[in-house]
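J.: Handing you this structure, nothing more for now.
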Amino acid sequence: MSSTMTTRRPSRRDRLRAVLFPLLCAVALLTATAVPATGAEPGSPPSARESGAVVRTDHGLIRGVPHGAYATFEGVPYAAPPTGALRWRAPVPAAAWRGVRDATAPAQSCVQMPAPGAAAVLGSEDCLYLNVTTPTPTPKPAGQKRPVLVWMHGGAFLGGSGSDYSTERLAVRGDTVVVTVNYRLGIFGYFGHPALGSAPPFGLADQQAALRWVRANAERFGGDPDRVTLFGESAGALGICAHLTSPAAARLFQRAVLQSGSCLMSFPRGTLGPGTPVYEPFASQRDVQTAGAEAARQLGCTADGGDEALACLRGQSTDRLATAQLMQSFNRPAFGNALLPMAPDEALTSGRFHRVPVVQGTNHDEMRMFVGLSLAAFPIRTEDDYRARLVEAFGAAAQAVEARYPAAEHLTPALAWAAALTDRSLACTTLAADRAIAAHAPGIPLYGYEFGDPDAPVLAGLPANPGFPYGAAHGFEMPFLFSSFPTERPLSDAQRALSDRMVDYWTAFARTGDPNTADAPRWPVLRPSSPLARSARSVQSLTPGPGGIRPVDAYSAHHCAFWDRLPR
């Protein structure tokens, strides 16, 4: 085994990736204002919260924290630590414990994509834990069961943690049990190698293990194991797309909410900066294995025998693997295995998905977050700058795209670029995914939305760019569902009213498979037999103020007929 990685002169693509790939997990990293304390070990002495709520799980007793109207149970293991010989293996059940396990603080996050200049690894490989928030009393009187919401965080499969999200409003206002999950990230979650064969994407296998834990334990927290809703944003939504098309996820959930990440999402060349490649969220098993063999070579693990190479790789320290280069080389789940037999986009468009009610939607100005993060490194000041980016992204179609999105009709050329990317990469691909679902399963309850608050609070830590408002950018709906999400200013009264409506819609959908409630504006079902059908256009606008919650024609507003004619 080599003691140092093989070095090489960084290429232009390497330098671009060093700047750009952390942008993909910026939203998740912005929420991590502190490293949470590790949960206490089984059998530890009683904490100061001696009177905390106690629940018997299938592995043993846990003590959480009562907060009046709700209780939290944090740092609950759903699988064994994937360390040592269990690194790059499918999750195995956690060991049972004696006594009462402390569940009053979250466990560490899974190892994160390192921030530029970071001196130490953030997170731990011992990270397969989840957190439960439940209204009190737990369970409800008379044996009534609450619906269960299971949150998969975003962060480009490179960053984030379940404990970044406080879920008490969803639990108390919506009368639901809410579970947030840690899962392996980067090289620890999506590594492949010829010696591993057709191993599953480990981070997605973690998520399914968490769902099995929920199925086994939901009733112990007052939840209904037959009313489990998966919901997630960005990479979390892409994971849910994968589970919708995964045979291994059958009967693990009964509803799905995908926020800003459909099975058909992709980014054209140059989206994140000049020279960056096309982004497809999933990769073939062969491509991941090839990348793994190259990583093994760089790490000095080049033994002829597969078992020896794997032993060498599993012997590497966490910090040697958790480099920016290696983490960002493995953030696309592989297909061509038992968990994902085929690419999720192909599975969806061929009808190979679970028939469960679905809500999926996007934000009106999705790509302003990505463009805004990259403007300092790659400014778009002039129409010539804008035109150059269009040519790289769309080639022969660049002139047609510019005619559809002329810089003169936007405050700045950068905003024109962000609008074109929003429509091409997220808005119209999500509506196309809706059509695919409806075409193969016309009876499934299907609902679309667009979060459209033009003055949504900016997420804390994003750079200010003169003449470039973020609007309703990627991730900006999150503070309306999770009160802990840090923003530059609090929600206004009108925004708090929208937040209440969104919580009501999400939890009503978890309860019945229909987001509608008696006192809220009607949310129409999508039945898009074709792009021209009126029902294909009626997604629910989620915008504060009078008349802000109403059906809107997203297909026309985002020029989807234009994009449907262009090759992807």
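Please note that chains go A, B, ... in the order of the structure tokens, that every chain numbers its residues from 1, and that ligands are numbered from 1 in the order shown.
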Can you list every residue in range 125-180 of chain A that DSSP puts in strand (DSSP E or B), as number ranges by chain?
T.: A: 129-135, 146-152, 177-180
J.: So which residues touch Leu462 in chain A within 8 Å, counting only C-alpha atoms, skipping near sequence neighbours fewer than 3 positions away, as a ChimeraX atom specification?
T.: /A:372-373,458-459
J.: Next, write the just-selected residues to a file, as a PDB file, in the first residue's frame, keeping N, CA, C and O atoms as the atom set.
T.:
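Okay, this is what ended up in part-v7.pdb:
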```
ATOM      1  N   GLY A 372     -26.115  32.383  -9.003  1.00  0.00           N
ATOM      2  CA  GLY A 372     -25.678  33.384  -8.040  1.00  0.00           C
ATOM      3  C   GLY A 372     -24.427  32.969  -7.290  1.00  0.00           C
ATOM      4  O   GLY A 372     -23.556  33.802  -7.003  1.00  0.00           O
ATOM      5  N   LEU A 373     -24.311  31.685  -6.973  1.00  0.00           N
ATOM      6  CA  LEU A 373     -23.122  31.194  -6.282  1.00  0.00           C
ATOM      7  C   LEU A 373     -21.873  31.253  -7.157  1.00  0.00           C
ATOM      8  O   LEU A 373     -20.763  31.372  -6.649  1.00  0.00           O
ATOM      9  N   VAL A 458     -33.680  35.149   1.706  1.00  0.00           N
ATOM     10  CA  VAL A 458     -32.471  34.541   1.153  1.00  0.00           C
ATOM     11  C   VAL A 458     -31.835  33.640   2.194  1.00  0.00           C
ATOM     12  O   VAL A 458     -31.734  33.998   3.373  1.00  0.00           O
ATOM     13  N   LEU A 459     -31.424  32.453   1.779  1.00  0.00           N
ATOM     14  CA  LEU A 459     -30.758  31.533   2.696  1.00  0.00           C
ATOM     15  C   LEU A 459     -29.455  32.148   3.184  1.00  0.00           C
ATOM     16  O   LEU A 459     -28.693  32.742   2.408  1.00  0.00           O
TER      17      LEU A 459
END
```
J.: Counting only C-alpha atoms, what is within 9 Å of Phe451 in chain A, bar same-chain residues fewer than 4 positions away, as a list in words?
T.: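 The filter keeps Gly361, Thr362, Asn363, His364, Asp365, Ala472, Phe476, Glu477, Gln540, Ser541, Leu542 and Thr543 of chain A.
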J.: Any chance you could export the current selection's N, CA and C atoms as a CSV table (one decimal), in the first residue's frame?
T.:
```
chain,number,residue,atom,x,y,z
A,361,GLY,N,-42.8,19.1,-7.6
A,361,GLY,CA,-42.8,20.5,-8.1
A,361,GLY,C,-41.4,21.1,-8.0
A,362,THR,N,-41.4,22.4,-8.4
A,362,THR,CA,-40.2,23.2,-8.5
A,362,THR,C,-40.4,24.6,-8.0
A,363,ASN,N,-39.3,25.3,-7.9
A,363,ASN,CA,-39.4,26.8,-7.5
A,363,ASN,C,-39.3,27.6,-8.8
A,364,HIS,N,-39.9,28.8,-8.8
A,364,HIS,CA,-40.0,29.6,-10.0
A,364,HIS,C,-38.7,30.0,-10.6
A,365,ASP,N,-37.7,30.2,-9.7
A,365,ASP,CA,-36.4,30.7,-10.1
A,365,ASP,C,-35.2,29.8,-9.7
A,472,ALA,N,-37.4,33.1,-6.1
A,472,ALA,CA,-37.8,31.8,-5.5
A,472,ALA,C,-36.8,30.8,-6.1
A,476,PHE,N,-35.4,27.6,-1.6
A,476,PHE,CA,-35.9,28.7,-0.9
A,476,PHE,C,-37.3,28.4,-0.3
A,477,GLU,N,-37.9,27.3,-0.7
A,477,GLU,CA,-39.2,26.8,0.0
A,477,GLU,C,-38.9,26.2,1.3
A,540,GLN,N,-50.1,23.9,-8.8
A,540,GLN,CA,-50.6,24.9,-7.7
A,540,GLN,C,-49.4,25.9,-7.5
A,541,SER,N,-49.8,27.2,-7.7
A,541,SER,CA,-48.8,28.2,-7.3
A,541,SER,C,-48.8,28.4,-5.8
A,542,LEU,N,-47.7,28.4,-5.2
A,542,LEU,CA,-47.5,28.6,-3.7
A,542,LEU,C,-46.8,29.9,-3.6
A,543,THR,N,-47.6,31.0,-3.4
A,543,THR,CA,-47.0,32.4,-3.3
A,543,THR,C,-47.8,33.1,-2.3
```
J.: Among range 204-337 of chain A, which ones does DSSP place in helix (DSSP H, G or I), written as a ChimeraX atom specification?
T.: /A:204-221,235-244,247-249,285-298,306-314,318-321,324-329
J.: Could you tell me which of A:Gln399, A:Gln328, A:Thr180, A:Ser262 comes closest to Leu426 in chain A if we count only C-alpha atoms?
T.: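 That would be A:Ser262, the residue with the smallest distance to Leu426 in chain A.
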J.: Out of A:His559, A:Arg332, A:Arg320, A:Arg501, which residue has the shortest atom-to-atom distance to Asp423 in chain A when counting only C-alpha atoms?
T.: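 Distance minimum relative to Asp423 in chain A lands on A:His559.
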J.: Can you pull out every residue within 8 Å of range 374-387 of chain A, counting only C-alpha atoms, but drop anything in the same chain fewer than 5 positions away, and send it as a list in words?
T.: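 Once the adjacent positions are removed, what remains is Leu20, Leu23, Leu272, Gly273, Pro274, Ala398, Glu402, Ala407, Thr412, Pro413, Ala414, Trp417 and Asn465 of chain A.
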J.: With all heavy atoms kept, could you save the residues just selected as a short mmCIF file (atom, residue, chain, number, x, y, z; two decimals), in the first residue's frame?
T.:
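That gives us out02.cif:
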```
data_model
loop_
_atom_site.label_atom_id
_atom_site.label_comp_id
_atom_site.auth_asym_id
_atom_site.auth_seq_id
_atom_site.Cartn_x
_atom_site.Cartn_y
_atom_site.Cartn_z
N LEU A 20 -16.56 24.48 -8.39
CA LEU A 20 -17.98 24.36 -8.69
C LEU A 20 -18.71 23.26 -7.95
O LEU A 20 -19.87 23.44 -7.58
CB LEU A 20 -18.15 24.13 -10.20
CG LEU A 20 -17.72 25.32 -11.04
CD1 LEU A 20 -17.64 24.93 -12.50
CD2 LEU A 20 -18.71 26.45 -10.86
N LEU A 23 -20.58 23.96 -4.83
CA LEU A 23 -21.81 24.72 -4.97
C LEU A 23 -23.02 23.81 -4.88
O LEU A 23 -24.08 24.20 -4.37
CB LEU A 23 -21.84 25.44 -6.32
CG LEU A 23 -20.68 26.39 -6.64
CD1 LEU A 23 -20.92 27.08 -7.96
CD2 LEU A 23 -20.50 27.42 -5.54
N LEU A 272 -22.75 25.03 -14.67
CA LEU A 272 -22.15 25.52 -13.43
C LEU A 272 -20.92 26.38 -13.67
O LEU A 272 -20.36 26.95 -12.74
CB LEU A 272 -21.80 24.36 -12.52
CG LEU A 272 -23.00 23.50 -12.10
CD1 LEU A 272 -22.53 22.33 -11.24
CD2 LEU A 272 -24.02 24.32 -11.35
N GLY A 273 -20.49 26.48 -14.91
CA GLY A 273 -19.33 27.28 -15.25
C GLY A 273 -18.76 26.81 -16.55
O GLY A 273 -18.96 25.64 -16.94
N PRO A 274 -18.04 27.66 -17.28
CA PRO A 274 -17.45 27.24 -18.54
C PRO A 274 -16.59 26.00 -18.38
O PRO A 274 -15.78 25.90 -17.46
CB PRO A 274 -16.60 28.46 -18.94
CG PRO A 274 -17.26 29.62 -18.26
CD PRO A 274 -17.76 29.07 -16.95
N ALA A 398 -28.36 27.46 -29.78
CA ALA A 398 -28.11 28.63 -28.93
C ALA A 398 -28.86 29.86 -29.43
O ALA A 398 -29.41 30.63 -28.63
CB ALA A 398 -26.62 28.91 -28.84
N GLU A 402 -31.54 32.03 -27.31
CA GLU A 402 -31.39 33.46 -27.07
C GLU A 402 -32.62 34.23 -27.54
O GLU A 402 -33.05 35.20 -26.87
CB GLU A 402 -30.15 34.00 -27.77
CG GLU A 402 -29.88 35.46 -27.46
CD GLU A 402 -28.61 35.99 -28.11
OE1 GLU A 402 -27.99 35.25 -28.92
OE2 GLU A 402 -28.24 37.15 -27.81
N ALA A 407 -31.66 38.79 -23.57
CA ALA A 407 -31.12 39.48 -22.39
C ALA A 407 -31.86 40.80 -22.14
O ALA A 407 -32.02 41.22 -20.98
CB ALA A 407 -29.63 39.73 -22.58
N THR A 412 -30.65 41.65 -16.03
CA THR A 412 -29.25 41.46 -16.39
C THR A 412 -29.12 40.22 -17.27
O THR A 412 -29.99 39.34 -17.24
CB THR A 412 -28.37 41.25 -15.13
OG1 THR A 412 -28.74 40.01 -14.51
CG2 THR A 412 -28.53 42.39 -14.13
N PRO A 413 -28.04 40.11 -18.04
CA PRO A 413 -27.83 38.88 -18.80
C PRO A 413 -27.74 37.63 -17.90
O PRO A 413 -28.15 36.55 -18.31
CB PRO A 413 -26.50 39.14 -19.51
CG PRO A 413 -26.41 40.62 -19.63
CD PRO A 413 -27.04 41.15 -18.36
N ALA A 414 -27.23 37.80 -16.69
CA ALA A 414 -27.14 36.65 -15.78
C ALA A 414 -28.53 36.12 -15.43
O ALA A 414 -28.73 34.90 -15.29
CB ALA A 414 -26.38 37.04 -14.51
N TRP A 417 -29.81 34.05 -18.31
CA TRP A 417 -29.16 32.74 -18.27
C TRP A 417 -29.82 31.84 -17.22
O TRP A 417 -30.13 30.67 -17.49
CB TRP A 417 -27.68 32.93 -17.99
CG TRP A 417 -26.84 31.73 -17.70
CD1 TRP A 417 -26.15 31.48 -16.56
CD2 TRP A 417 -26.55 30.64 -18.59
NE1 TRP A 417 -25.46 30.29 -16.66
CE2 TRP A 417 -25.69 29.75 -17.89
CE3 TRP A 417 -26.94 30.32 -19.88
CZ2 TRP A 417 -25.21 28.57 -18.46
CZ3 TRP A 417 -26.47 29.14 -20.46
CH2 TRP A 417 -25.61 28.28 -19.75
N ASN A 465 -25.33 39.62 -5.02
CA ASN A 465 -24.87 40.02 -6.34
C ASN A 465 -25.73 41.18 -6.81
O ASN A 465 -26.94 41.02 -7.02
CB ASN A 465 -25.00 38.86 -7.33
CG ASN A 465 -24.16 37.66 -6.96
OD1 ASN A 465 -22.94 37.72 -6.99
ND2 ASN A 465 -24.80 36.56 -6.59
#
```
J.: As a ChimeraX atom specification, please: the residues near Ala296 in chain A (cut-off 9 Å, only C-alpha atoms, same-chain neighbours under 4 positions excluded).
T.: /A:193,291-292,300-302,309-310,312-313
J.: For Gly236 in chain A, find every residue with an atom within 8 Å (counting only C-alpha atoms), except residues of its own chain fewer than 2 positions away, and show them as a PDB file with all heavy atoms, in the first residue's frame.
T.:
```pdb
ATOM      1  N   TRP A 151     -38.119  12.249   5.878  1.00  0.00           N
ATOM      2  CA  TRP A 151     -37.410  13.280   5.127  1.00  0.00           C
ATOM      3  C   TRP A 151     -36.020  12.810   4.719  1.00  0.00           C
ATOM      4  O   TRP A 151     -35.234  12.345   5.544  1.00  0.00           O
ATOM      5  CB  TRP A 151     -37.273  14.541   5.972  1.00  0.00           C
ATOM      6  CG  TRP A 151     -36.433  15.625   5.365  1.00  0.00           C
ATOM      7  CD1 TRP A 151     -35.181  16.015   5.751  1.00  0.00           C
ATOM      8  CD2 TRP A 151     -36.789  16.477   4.265  1.00  0.00           C
ATOM      9  NE1 TRP A 151     -34.735  17.050   4.973  1.00  0.00           N
ATOM     10  CE2 TRP A 151     -35.706  17.359   4.047  1.00  0.00           C
ATOM     11  CE3 TRP A 151     -37.921  16.575   3.452  1.00  0.00           C
ATOM     12  CZ2 TRP A 151     -35.721  18.316   3.038  1.00  0.00           C
ATOM     13  CZ3 TRP A 151     -37.937  17.540   2.445  1.00  0.00           C
ATOM     14  CH2 TRP A 151     -36.842  18.394   2.255  1.00  0.00           C
ATOM     15  N   MET A 152     -35.731  12.941   3.401  1.00  0.00           N
ATOM     16  CA  MET A 152     -34.396  12.697   2.872  1.00  0.00           C
ATOM     17  C   MET A 152     -33.787  14.043   2.472  1.00  0.00           C
ATOM     18  O   MET A 152     -34.295  14.722   1.583  1.00  0.00           O
ATOM     19  CB  MET A 152     -34.457  11.758   1.662  1.00  0.00           C
ATOM     20  CG  MET A 152     -35.014  10.386   1.987  1.00  0.00           C
ATOM     21  SD  MET A 152     -34.028   9.524   3.252  1.00  0.00           S
ATOM     22  CE  MET A 152     -35.037   8.046   3.487  1.00  0.00           C
ATOM     23  N   HIS A 153     -32.715  14.436   3.138  1.00  0.00           N
ATOM     24  CA  HIS A 153     -32.124  15.753   2.917  1.00  0.00           C
ATOM     25  C   HIS A 153     -31.437  15.840   1.561  1.00  0.00           C
ATOM     26  O   HIS A 153     -31.060  14.840   0.953  1.00  0.00           O
ATOM     27  CB  HIS A 153     -31.137  16.091   4.039  1.00  0.00           C
ATOM     28  CG  HIS A 153     -29.901  15.228   4.050  1.00  0.00           C
ATOM     29  ND1 HIS A 153     -28.851  15.417   3.186  1.00  0.00           N
ATOM     30  CD2 HIS A 153     -29.544  14.171   4.840  1.00  0.00           C
ATOM     31  CE1 HIS A 153     -27.907  14.528   3.439  1.00  0.00           C
ATOM     32  NE2 HIS A 153     -28.296  13.756   4.423  1.00  0.00           N
ATOM     33  N   GLY A 154     -31.266  17.073   1.103  1.00  0.00           N
ATOM     34  CA  GLY A 154     -30.515  17.328  -0.115  1.00  0.00           C
ATOM     35  C   GLY A 154     -29.052  17.589   0.175  1.00  0.00           C
ATOM     36  O   GLY A 154     -28.574  17.413   1.290  1.00  0.00           O
ATOM     37  N   GLY A 155     -28.329  18.039  -0.872  1.00  0.00           N
ATOM     38  CA  GLY A 155     -26.904  18.307  -0.728  1.00  0.00           C
ATOM     39  C   GLY A 155     -26.056  17.628  -1.766  1.00  0.00           C
ATOM     40  O   GLY A 155     -24.881  17.359  -1.533  1.00  0.00           O
ATOM     41  N   PHE A 231     -40.461  12.211   1.593  1.00  0.00           N
ATOM     42  CA  PHE A 231     -40.359  13.530   0.994  1.00  0.00           C
ATOM     43  C   PHE A 231     -38.920  14.014   1.085  1.00  0.00           C
ATOM     44  O   PHE A 231     -38.186  13.660   2.000  1.00  0.00           O
ATOM     45  CB  PHE A 231     -41.376  14.515   1.582  1.00  0.00           C
ATOM     46  CG  PHE A 231     -41.144  15.036   2.980  1.00  0.00           C
ATOM     47  CD1 PHE A 231     -41.214  16.395   3.256  1.00  0.00           C
ATOM     48  CD2 PHE A 231     -40.919  14.178   4.057  1.00  0.00           C
ATOM     49  CE1 PHE A 231     -41.043  16.892   4.543  1.00  0.00           C
ATOM     50  CE2 PHE A 231     -40.756  14.662   5.350  1.00  0.00           C
ATOM     51  CZ  PHE A 231     -40.808  16.035   5.594  1.00  0.00           C
ATOM     52  N   GLY A 232     -38.510  14.794   0.091  1.00  0.00           N
ATOM     53  CA  GLY A 232     -37.133  15.254   0.051  1.00  0.00           C
ATOM     54  C   GLY A 232     -36.956  16.320  -1.005  1.00  0.00           C
ATOM     55  O   GLY A 232     -37.811  16.514  -1.878  1.00  0.00           O
ATOM     56  N   GLU A 233     -35.823  17.014  -0.917  1.00  0.00           N
ATOM     57  CA  GLU A 233     -35.540  18.138  -1.802  1.00  0.00           C
ATOM     58  C   GLU A 233     -34.189  17.948  -2.466  1.00  0.00           C
ATOM     59  O   GLU A 233     -33.253  17.433  -1.866  1.00  0.00           O
ATOM     60  CB  GLU A 233     -35.557  19.435  -0.974  1.00  0.00           C
ATOM     61  CG  GLU A 233     -35.359  20.708  -1.772  1.00  0.00           C
ATOM     62  CD  GLU A 233     -33.934  21.202  -1.829  1.00  0.00           C
ATOM     63  OE1 GLU A 233     -33.089  20.652  -1.082  1.00  0.00           O
ATOM     64  OE2 GLU A 233     -33.646  22.140  -2.611  1.00  0.00           O
ATOM     65  N   SER A 234     -34.106  18.322  -3.754  1.00  0.00           N
ATOM     66  CA  SER A 234     -32.866  18.271  -4.514  1.00  0.00           C
ATOM     67  C   SER A 234     -32.339  16.837  -4.547  1.00  0.00           C
ATOM     68  O   SER A 234     -33.017  15.951  -5.048  1.00  0.00           O
ATOM     69  CB  SER A 234     -31.861  19.262  -3.914  1.00  0.00           C
ATOM     70  OG  SER A 234     -30.783  19.488  -4.774  1.00  0.00           O
ATOM     71  N   LEU A 238     -34.116  13.323  -5.696  1.00  0.00           N
ATOM     72  CA  LEU A 238     -33.556  12.369  -6.647  1.00  0.00           C
ATOM     73  C   LEU A 238     -33.482  10.976  -6.035  1.00  0.00           C
ATOM     74  O   LEU A 238     -33.710   9.970  -6.715  1.00  0.00           O
ATOM     75  CB  LEU A 238     -32.168  12.831  -7.095  1.00  0.00           C
ATOM     76  CG  LEU A 238     -32.143  14.097  -7.952  1.00  0.00           C
ATOM     77  CD1 LEU A 238     -30.707  14.575  -8.149  1.00  0.00           C
ATOM     78  CD2 LEU A 238     -32.812  13.857  -9.299  1.00  0.00           C
ATOM     79  N   GLY A 239     -33.165  10.896  -4.737  1.00  0.00           N
ATOM     80  CA  GLY A 239     -33.195   9.602  -4.067  1.00  0.00           C
ATOM     81  C   GLY A 239     -34.586   9.005  -4.077  1.00  0.00           C
ATOM     82  O   GLY A 239     -34.767   7.793  -4.280  1.00  0.00           O
ATOM     83  N   ILE A 240     -35.608   9.841  -3.877  1.00  0.00           N
ATOM     84  CA  ILE A 240     -36.979   9.343  -3.899  1.00  0.00           C
ATOM     85  C   ILE A 240     -37.357   8.885  -5.299  1.00  0.00           C
ATOM     86  O   ILE A 240     -38.037   7.858  -5.475  1.00  0.00           O
ATOM     87  CB  ILE A 240     -37.937  10.417  -3.369  1.00  0.00           C
ATOM     88  CG1 ILE A 240     -37.619  10.693  -1.900  1.00  0.00           C
ATOM     89  CG2 ILE A 240     -39.398   9.980  -3.516  1.00  0.00           C
ATOM     90  CD1 ILE A 240     -38.317  11.905  -1.334  1.00  0.00           C
ATOM     91  N   LEU A 258     -41.624  14.992  -4.142  1.00  0.00           N
ATOM     92  CA  LEU A 258     -40.320  15.306  -4.730  1.00  0.00           C
ATOM     93  C   LEU A 258     -40.236  16.814  -4.940  1.00  0.00           C
ATOM     94  O   LEU A 258     -40.952  17.380  -5.765  1.00  0.00           O
ATOM     95  CB  LEU A 258     -40.125  14.582  -6.063  1.00  0.00           C
ATOM     96  CG  LEU A 258     -40.032  13.052  -6.027  1.00  0.00           C
ATOM     97  CD1 LEU A 258     -41.412  12.414  -5.984  1.00  0.00           C
ATOM     98  CD2 LEU A 258     -39.277  12.520  -7.242  1.00  0.00           C
ATOM     99  N   GLY A 261     -36.436  18.031  -7.887  1.00  0.00           N
ATOM    100  CA  GLY A 261     -35.569  16.941  -8.303  1.00  0.00           C
ATOM    101  C   GLY A 261     -36.364  15.775  -8.851  1.00  0.00           C
ATOM    102  O   GLY A 261     -36.623  14.824  -8.125  1.00  0.00           O
TER     103      GLY A 261
END
```
J.: Using only C-alpha atoms, can you tell me which of A:Val92, A:Ala400, A:Ala436, A:Ala561 comes closest to Arg352 in chain A?
T.: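 Checking each of A:Val92, A:Ala400, A:Ala436, A:Ala561 against Arg352 in chain A, counting only C-alpha atoms, the winner is A:Ala436.
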J.: Please determine, counting only C-alpha atoms, which residue among A:Leu390, A:Leu86, A:Leu421, A:Ile437 has the shortest atom-to-atom distance to Cys241 in chain A.
T.: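 Once distances to Cys241 in chain A are computed over only C-alpha atoms, the minimum belongs to A:Ile437.
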J.: May I ask which of the residues A:Val100, A:Ala205, A:Val503, A:Ala115 is the closest one to Gln325 in chain A, counting only C-alpha atoms?
T.: A:Ala115
J.: Have a look at A:Tyr279, A:Phe509, A:Phe335, A:Trp563 and name the one nearest to Val228 in chain A; count only C-alpha atoms.
T.: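 Closest to Val228 in chain A, using only C-alpha atoms: A:Phe509.
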J.: Show me, as a CSV table (one decimal) with N, CA and C atoms, in the first residue's frame, the residues that have an atom within 10 Å of Met342 in chain A when counting only C-alpha atoms, minus same-chain residues fewer than 3 positions from it.
T.:
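Final file, part.csv:
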```csv
chain,number,residue,atom,x,y,z
A,242,ALA,N,-35.3,7.5,-7.3
A,242,ALA,CA,-34.7,6.2,-7.4
A,242,ALA,C,-35.6,5.2,-6.7
A,245,THR,N,-38.5,3.9,-8.6
A,245,THR,CA,-38.2,2.9,-9.6
A,245,THR,C,-37.4,1.7,-9.2
A,246,SER,N,-37.2,1.6,-7.9
A,246,SER,CA,-36.4,0.5,-7.3
A,246,SER,C,-37.3,-0.7,-6.9
A,282,PHE,N,-27.6,10.2,-12.3
A,282,PHE,CA,-27.3,8.8,-12.0
A,282,PHE,C,-26.2,8.4,-13.1
A,284,SER,N,-23.9,4.8,-14.8
A,284,SER,CA,-24.0,3.4,-15.0
A,284,SER,C,-23.0,2.7,-14.0
A,285,GLN,N,-23.3,1.5,-13.7
A,285,GLN,CA,-22.4,0.7,-12.8
A,285,GLN,C,-21.0,0.7,-13.4
A,334,ALA,N,-25.3,4.7,-8.7
A,334,ALA,CA,-25.1,3.8,-9.9
A,334,ALA,C,-26.4,3.0,-10.2
A,335,PHE,N,-26.7,2.8,-11.4
A,335,PHE,CA,-27.8,1.9,-11.8
A,335,PHE,C,-27.1,0.7,-12.6
A,336,GLY,N,-27.9,-0.4,-12.7
A,336,GLY,CA,-27.4,-1.7,-13.2
A,336,GLY,C,-27.1,-2.7,-12.1
A,337,ASN,N,-27.9,-2.6,-11.0
A,337,ASN,CA,-27.7,-3.5,-9.9
A,337,ASN,C,-29.1,-3.8,-9.4
A,338,ALA,N,-29.1,-4.6,-8.3
A,338,ALA,CA,-30.4,-5.1,-7.8
A,338,ALA,C,-31.3,-4.0,-7.3
A,339,LEU,N,-30.7,-2.9,-6.7
A,339,LEU,CA,-31.5,-1.8,-6.2
A,339,LEU,C,-32.0,-0.9,-7.3
A,345,ASP,N,-34.5,7.5,-15.1
A,345,ASP,CA,-35.3,8.2,-16.1
A,345,ASP,C,-35.9,7.2,-17.1
A,346,GLU,N,-35.2,6.2,-17.5
A,346,GLU,CA,-35.7,5.2,-18.4
A,346,GLU,C,-36.8,4.4,-17.8
A,347,ALA,N,-36.6,4.0,-16.5
A,347,ALA,CA,-37.6,3.3,-15.8
A,347,ALA,C,-38.9,4.1,-15.7
A,348,LEU,N,-38.8,5.3,-15.4
A,348,LEU,CA,-40.0,6.1,-15.3
A,348,LEU,C,-40.8,6.2,-16.6
A,352,ARG,N,-42.0,1.7,-15.3
A,352,ARG,CA,-41.5,0.8,-14.3
A,352,ARG,C,-41.3,1.5,-13.0
```
J.: What is the CA of Met502 in chain A to CA of Gln207 in chain A distance in Å?
T.: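 CA of Met502 in chain A sits 24.8 Å away from CA of Gln207 in chain A.
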